[in-house]
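Asker: The following block contains the structure, expressed as structure tokens.
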Amino acid sequence: PEALLLLRLQDLGVAVATIPLAWAGLHVIRSAGSYPGGWLTDRLGARWTVGAGSAVFALVVAALARPLHEPAAIAVFLALGAVAGLTEASERATVARLAPVRSGRGFGAYHAVVGVAALPAGLFFGGLYRWAGAPVAFTTSAVGAIAAGGLWLVTAPRGLEVTS
């Protein structure tokens with residue numbers, strides 16, 4: 001959950017007044033990374049860019065598990081924007097390829113699945129954060145991202161590869 005990412009910044013000593021600026025910066029990087037992410041999706045295929053995004057996400061959250069000084073914490077947090085820029089175009093390309101005729105229904109189903117999965121994942125992550133601490137929660141998230149990315153690479157339909 002994004003709120004826990006912001007809480008982690010505060011835990012790492014980032015001033016409360018700086019956190020909204022970091023949040024805005026993350027979205028600037030996310031927006032700026034969307035075009036390169038789409039370009040990579042067109043060149044490598046959605047299957048590989050989603051897998052790469054999972055690996056980069058795992059690295060970022062593993063870094064957030066460590067004790068960081070304020071500038072490093074902000075830099076690592078901003079790297080999450082690059083992850084979103086890398087993966088969002090490929091996720092949408094995947095939906096468009098899997099549901100070319102009924103794309104409205106396909107995107108609706110995609111967002112429903114993401115929303116339904118986010119609640120238990122957020123509760124689990126929040127529970128770990130509260131009872132075991134941020135390092136355990138973020139390390140568990142990194143391991144989960146690696147597992148999910150690996151599973152994605154093994155099970156993703158082959159039609160998501162670049163054909164040209």
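Identifiers in the structure tokens: chain A, B, ... in order shown; residue index from 1 per chain; ligand index from 1 in order shown.
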Can you build me a table of region 15-53 of chain A residues sitting at most 9 Å from region 78-81 of chain A, with the closest atom pair per residue and its distance in Å to one decimal, using only C-alpha atoms, sorted by chain and residue number, as a Markdown table?

Answerer:
| residue | atom | partner | partner_atom | distance |
| --- | --- | --- | --- | --- |
| A:Ala22 | CA | A:Leu78 | CA | 7.0 |
| A:Trp23 | CA | A:Leu78 | CA | 8.0 |
| A:Gly25 | CA | A:Leu78 | CA | 6.7 |
| A:Leu26 | CA | A:Leu78 | CA | 4.8 |
| A:His27 | CA | A:Gly81 | CA | 6.2 |
| A:Val28 | CA | A:Gly81 | CA | 7.7 |
| A:Ile29 | CA | A:Gly81 | CA | 5.1 |
| A:Arg30 | CA | A:Gly81 | CA | 4.1 |
| A:Ser31 | CA | A:Gly81 | CA | 7.9 |
| A:Ala32 | CA | A:Gly81 | CA | 8.8 |
| A:Gly33 | CA | A:Gly81 | CA | 7.5 |

Asker: Which residues in region 81-164 of chain A does DSSP call alpha helix (DSSP H)? List them as number ranges by chain.

Answerer: A: 81-98, 103-131, 134-155

Asker: Any idea what's packed within 12 Å of region 138-147 of chain A, counting only C-alpha atoms, ignoring anything in its chain fewer than 5 positions away? Could you give it as a ChimeraX atom specification?

Answerer: /A:1,4-5,8,50-67,121-122,124-130,132-133,152-154

Asker: Once you have the residues from the selection above, write them out as an mmCIF file, in the first residue's frame, restricted to C-alpha atoms.

Answerer:
data_model
loop_
_atom_site.group_PDB
_atom_site.id
_atom_site.type_symbol
_atom_site.label_atom_id
_atom_site.label_comp_id
_atom_site.auth_asym_id
_atom_site.auth_seq_id
_atom_site.Cartn_x
_atom_site.Cartn_y
_atom_site.Cartn_z
ATOM 1 C CA PRO A 1 0.000 0.000 0.000
ATOM 2 C CA LEU A 4 2.944 2.417 4.039
ATOM 3 C CA LEU A 5 5.583 3.516 1.540
ATOM 4 C CA ARG A 8 8.483 4.161 5.599
ATOM 5 C CA VAL A 50 6.431 -7.092 -16.810
ATOM 6 C CA GLY A 51 9.076 -9.585 -15.672
ATOM 7 C CA ALA A 52 11.756 -6.885 -15.647
ATOM 8 C CA GLY A 53 9.432 -4.540 -13.771
ATOM 9 C CA SER A 54 8.913 -7.201 -11.104
ATOM 10 C CA ALA A 55 12.664 -7.569 -10.686
ATOM 11 C CA VAL A 56 13.223 -3.806 -10.430
ATOM 12 C CA PHE A 57 10.328 -3.517 -7.956
ATOM 13 C CA ALA A 58 11.902 -6.264 -5.846
ATOM 14 C CA LEU A 59 15.225 -4.403 -5.803
ATOM 15 C CA VAL A 60 13.532 -1.144 -4.800
ATOM 16 C CA VAL A 61 11.485 -2.601 -1.949
ATOM 17 C CA ALA A 62 14.480 -4.620 -0.751
ATOM 18 C CA ALA A 63 16.392 -1.333 -0.577
ATOM 19 C CA LEU A 64 13.536 0.219 1.409
ATOM 20 C CA ALA A 65 13.924 -2.614 3.924
ATOM 21 C CA ARG A 66 17.393 -1.331 4.795
ATOM 22 C CA PRO A 67 18.297 1.613 6.999
ATOM 23 C CA ALA A 121 -2.181 -8.022 0.033
ATOM 24 C CA GLY A 122 -2.404 -4.651 1.770
ATOM 25 C CA PHE A 124 -0.977 -8.798 4.953
ATOM 26 C CA PHE A 125 1.741 -6.210 4.269
ATOM 27 C CA GLY A 126 0.305 -3.819 6.865
ATOM 28 C CA GLY A 127 0.128 -6.606 9.440
ATOM 29 C CA LEU A 128 3.743 -7.562 8.795
ATOM 30 C CA TYR A 129 4.778 -3.912 8.974
ATOM 31 C CA ARG A 130 3.055 -3.463 12.320
ATOM 32 C CA ALA A 132 7.369 -7.622 12.538
ATOM 33 C CA GLY A 133 8.599 -4.217 11.367
ATOM 34 C CA TRP A 152 4.642 -14.580 -14.769
ATOM 35 C CA LEU A 153 7.589 -15.410 -17.036
ATOM 36 C CA VAL A 154 6.775 -19.126 -16.854
#

Asker: Taking only C-alpha atoms into account, which of A:Ala134, A:Ala15, A:Leu151, A:Leu119 comes nearest Ile74 (chain A)?

Answerer: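 Counting only C-alpha atoms, the residue closest to Ile74 (chain A) is A:Ala15.
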
Asker: Just give me the gap between CA of Trp48 (chain A) and CA of Tyr35 (chain A) in Å, one decimal is fine.

Answerer: 16.4 Å

Asker: Smallest atom-to-atom distance to Pro20 (chain A): which of A:Leu6, A:Ala148, A:Gly104, A:Ala137, using only C-alpha atoms?

Answerer: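 Between A:Leu6, A:Ala148, A:Gly104, A:Ala137, the residue approaching Pro20 (chain A) most closely is A:Leu6.
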